[in-house]
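Colleague: Take a look at the following structure, please.
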Amino acid sequence: MPRTPVLAGNWKMHCTIAEATALADGLASKVGRVEGRRVILAPPFTALGAVRKAIEGTRIELAAQNVHDQAKGAFTGEISPAMLVDAGATSVILGHSERRALFDEGDDFIRRKLESALAIGLGPIVCVGETLAQRDDGRTLAVVSSQVDAAMRGLDATAARRVIIAYEPVWAIGTGRVATREQAQEVHGQIRALLQEIGLPAADVPILYGGSVKPDNVDGLMAEPDIDGALVGGASLEVEGFARIVEYRA
Ligand code: PEP
């Protein structure tokens with residue numbers, strides 16, 4: 001079975017409830033019925049309910065941008081997996097580089113979140129990627145492999161098939177400096193080879209590229225054999241642009 005392409009928008013810390021509703025309404029009418037690809041929107045927590053309503057009856061899916069690993073307790077400011085399910089989310093972004101860098105999230109915590117998300121039925125979208133210094137030092141493969149290994153090793157095949165991996169080179173996020181399709185494909189191929197090596201159903205795990213994906217570069221990226229979709233930040237905040245990304249032509 002070929003992998004279904006996934007186009008996901010990470011709205012980060014943008015959008016009031018009114019702004020999120022307008023954006024989701026626009027996308028619902030433009031790409032709400034698109035077939036053959038999954039469209040996932042990840043608004044901030046406060047707008048999950050409004051976006052859920054706006055996309056009701058469409059094929060668009062709802063994701064959160066983060067989750068805690070514990071079910072409940074004294075974790076001020078955190079959100080549990082069950083709360084996300086209650087709010088209508090079906091997926092959750094984990095280990096985004098901004099969370100790793102700005103909020104000190106490490107591989108172990110991300111793995112615990114992944115297991116908690118899977119246990120409650122949320123589809124994890126796990127982000128991995130190297131910094132520019134790591135790439136310049138020739139450590140891209142080592143860094144990305146250890147992040148993927150920490151997230152995925154030991155999962156059973158059914159669980160692994162529910163995970164989406166997003167390769168997001170840190171130097172390409174929000175910088176306008178997109179990885180070339182060859183650079184992205186090289187790492188995606190290496191991730192798939194690692195999944196195979198650790199005994200997971202590599203051919204069934206979607207691997208998205210993220211980092212300055214725009215309407216004018218998505219077609220080339222999506223033409224690569226191991227690039228199964230895009231995790232989009234800035235360009236997902238505007239209806240026409242994100243709709244064009246969803247409607248990529250490879
Ligand atoms: C992201 O936040 O995951 C991202 C890829 O951002 P941008 O598309 O703005 O580079």
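Quick note on naming: the chains in the structure tokens go A, B, ... in the order shown, residues restart at 1 in each chain, and ligands are numbered from 1 in order of appearance.
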Residues of chain A that have any atom at most 7 Å from an atom of ligand 1: could you tabulate them with the shortest-distance atom pair and the distance in Å to one decimal, using only C-alpha atoms and all ligand atoms, ordered by chain and increasing number, as JSON lines?
Modeller:
{"residue": "A:Asn10", "atom": "CA", "partner": "ligand 1", "partner_atom_place_in_ligand_line": "2 (O)", "distance": 5.8}
{"residue": "A:Lys12", "atom": "CA", "partner": "ligand 1", "partner_atom_place_in_ligand_line": "2 (O)", "distance": 6.8}
{"residue": "A:His96", "atom": "CA", "partner": "ligand 1", "partner_atom_place_in_ligand_line": "3 (O)", "distance": 6.8}
{"residue": "A:Glu168", "atom": "CA", "partner": "ligand 1", "partner_atom_place_in_ligand_line": "5 (C)", "distance": 6.3}
{"residue": "A:Ala172", "atom": "CA", "partner": "ligand 1", "partner_atom_place_in_ligand_line": "10 (O)", "distance": 5.9}
{"residue": "A:Ile173", "atom": "CA", "partner": "ligand 1", "partner_atom_place_in_ligand_line": "10 (O)", "distance": 3.4}
{"residue": "A:Gly174", "atom": "CA", "partner": "ligand 1", "partner_atom_place_in_ligand_line": "10 (O)", "distance": 3.6}
{"residue": "A:Thr175", "atom": "CA", "partner": "ligand 1", "partner_atom_place_in_ligand_line": "10 (O)", "distance": 6.2}
{"residue": "A:Gly176", "atom": "CA", "partner": "ligand 1", "partner_atom_place_in_ligand_line": "10 (O)", "distance": 6.7}
{"residue": "A:Gly210", "atom": "CA", "partner": "ligand 1", "partner_atom_place_in_ligand_line": "5 (C)", "distance": 4.1}
{"residue": "A:Gly211", "atom": "CA", "partner": "ligand 1", "partner_atom_place_in_ligand_line": "10 (O)", "distance": 3.7}
{"residue": "A:Ser212", "atom": "CA", "partner": "ligand 1", "partner_atom_place_in_ligand_line": "10 (O)", "distance": 3.6}
{"residue": "A:Val213", "atom": "CA", "partner": "ligand 1", "partner_atom_place_in_ligand_line": "8 (O)", "distance": 5.2}
{"residue": "A:Leu231", "atom": "CA", "partner": "ligand 1", "partner_atom_place_in_ligand_line": "3 (O)", "distance": 5.5}
{"residue": "A:Val232", "atom": "CA", "partner": "ligand 1", "partner_atom_place_in_ligand_line": "8 (O)", "distance": 4.1}
{"residue": "A:Gly233", "atom": "CA", "partner": "ligand 1", "partner_atom_place_in_ligand_line": "6 (O)", "distance": 3.4}
{"residue": "A:Gly234", "atom": "CA", "partner": "ligand 1", "partner_atom_place_in_ligand_line": "9 (O)", "distance": 3.8}
{"residue": "A:Ala235", "atom": "CA", "partner": "ligand 1", "partner_atom_place_in_ligand_line": "8 (O)", "distance": 6.0}
Colleague: With N, CA and C atoms retained, export the selected residues as a PDB file, in the first residue's frame.
Modeller:
ATOM      1  N   ASN A  10       1.394  23.665  11.322  1.00  0.00           N
ATOM      2  CA  ASN A  10       1.705  23.964  12.720  1.00  0.00           C
ATOM      3  C   ASN A  10       1.567  25.473  12.920  1.00  0.00           C
ATOM      4  N   LYS A  12       1.766  27.143  15.580  1.00  0.00           N
ATOM      5  CA  LYS A  12       2.615  27.647  16.672  1.00  0.00           C
ATOM      6  C   LYS A  12       1.814  28.574  17.596  1.00  0.00           C
ATOM      7  N   HIS A  96       8.982  19.023  18.788  1.00  0.00           N
ATOM      8  CA  HIS A  96       9.336  20.077  17.831  1.00  0.00           C
ATOM      9  C   HIS A  96      10.649  20.721  18.277  1.00  0.00           C
ATOM     10  N   GLU A 168      12.852  17.835  10.318  1.00  0.00           N
ATOM     11  CA  GLU A 168      12.861  19.294  10.239  1.00  0.00           C
ATOM     12  C   GLU A 168      14.256  19.808  10.606  1.00  0.00           C
ATOM     13  N   ALA A 172      16.461  25.246   8.855  1.00  0.00           N
ATOM     14  CA  ALA A 172      15.498  25.566   7.793  1.00  0.00           C
ATOM     15  C   ALA A 172      14.155  26.037   8.355  1.00  0.00           C
ATOM     16  N   ILE A 173      14.002  25.966   9.683  1.00  0.00           N
ATOM     17  CA  ILE A 173      12.692  26.307  10.270  1.00  0.00           C
ATOM     18  C   ILE A 173      12.570  27.817  10.464  1.00  0.00           C
ATOM     19  N   GLY A 174      11.586  28.385   9.787  1.00  0.00           N
ATOM     20  CA  GLY A 174      11.289  29.807   9.948  1.00  0.00           C
ATOM     21  C   GLY A 174      12.374  30.719   9.406  1.00  0.00           C
ATOM     22  N   THR A 175      13.300  30.169   8.619  1.00  0.00           N
ATOM     23  CA  THR A 175      14.421  30.965   8.135  1.00  0.00           C
ATOM     24  C   THR A 175      14.280  31.329   6.666  1.00  0.00           C
ATOM     25  N   GLY A 176      13.361  30.674   5.974  1.00  0.00           N
ATOM     26  CA  GLY A 176      13.248  30.883   4.539  1.00  0.00           C
ATOM     27  C   GLY A 176      14.290  30.076   3.785  1.00  0.00           C
ATOM     28  N   GLY A 210       9.931  19.234   7.011  1.00  0.00           N
ATOM     29  CA  GLY A 210       9.507  20.547   7.505  1.00  0.00           C
ATOM     30  C   GLY A 210      10.676  21.501   7.526  1.00  0.00           C
ATOM     31  N   GLY A 211      10.404  22.754   7.197  1.00  0.00           N
ATOM     32  CA  GLY A 211      11.447  23.776   7.192  1.00  0.00           C
ATOM     33  C   GLY A 211      11.289  24.649   5.968  1.00  0.00           C
ATOM     34  N   SER A 212      10.542  25.762   6.161  1.00  0.00           N
ATOM     35  CA  SER A 212      10.339  26.737   5.091  1.00  0.00           C
ATOM     36  C   SER A 212       9.693  26.138   3.842  1.00  0.00           C
ATOM     37  N   VAL A 213       8.759  25.214   4.058  1.00  0.00           N
ATOM     38  CA  VAL A 213       7.968  24.718   2.920  1.00  0.00           C
ATOM     39  C   VAL A 213       7.000  25.818   2.495  1.00  0.00           C
ATOM     40  N   LEU A 231       5.401  19.248   7.053  1.00  0.00           N
ATOM     41  CA  LEU A 231       4.948  19.935   8.271  1.00  0.00           C
ATOM     42  C   LEU A 231       5.308  21.397   8.046  1.00  0.00           C
ATOM     43  N   VAL A 232       4.271  22.235   8.040  1.00  0.00           N
ATOM     44  CA  VAL A 232       4.422  23.603   7.559  1.00  0.00           C
ATOM     45  C   VAL A 232       4.126  24.585   8.676  1.00  0.00           C
ATOM     46  N   GLY A 233       5.034  25.515   8.918  1.00  0.00           N
ATOM     47  CA  GLY A 233       4.805  26.535   9.931  1.00  0.00           C
ATOM     48  C   GLY A 233       4.214  27.788   9.302  1.00  0.00           C
ATOM     49  N   GLY A 234       5.079  28.767   9.004  1.00  0.00           N
ATOM     50  CA  GLY A 234       4.639  30.087   8.520  1.00  0.00           C
ATOM     51  C   GLY A 234       3.615  30.032   7.395  1.00  0.00           C
ATOM     52  N   ALA A 235       3.859  29.193   6.408  1.00  0.00           N
ATOM     53  CA  ALA A 235       2.975  29.172   5.237  1.00  0.00           C
ATOM     54  C   ALA A 235       1.635  28.497   5.510  1.00  0.00           C
TER      55      ALA A 235
END
Colleague: List every residue of region 18-105 of chain A that DSSP, applied to the backbone of this structure, assigns to strand (DSSP E), and report them as a list in words.
Modeller: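 Filtering region 18-105 of chain A to strand (DSSP E) leaves Arg38, Val39, Ile40, Leu41, Ala42, Glu61, Leu62, Ala63, Ala64, Ser91, Val92, Ile93 and Leu94 of chain A.
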Colleague: Quick one: residues within 9 Å of region 121-124 of chain A, only C-alpha atoms counted, chain neighbours fewer than 5 positions away excluded, as a ChimeraX atom specification?
Modeller: /A:63,81,84-85,89-94,113-116,162-165
Colleague: Restricting the calculation to only C-alpha atoms: of A:Ala202, A:Leu48, A:Ile55, A:Ala82, which residue gets closest to Ile17 (chain A)?
Modeller: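 Nearest candidate to Ile17 (chain A) out of A:Ala202, A:Leu48, A:Ile55, A:Ala82: A:Leu48.
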Colleague: What does the structure give for the distance between CA of Asp86 (chain A) and CA of Ala160 (chain A), in Å to one decimal?
Modeller: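 Taking CA of Asp86 (chain A) and CA of Ala160 (chain A), their separation equals 23.6 Å.
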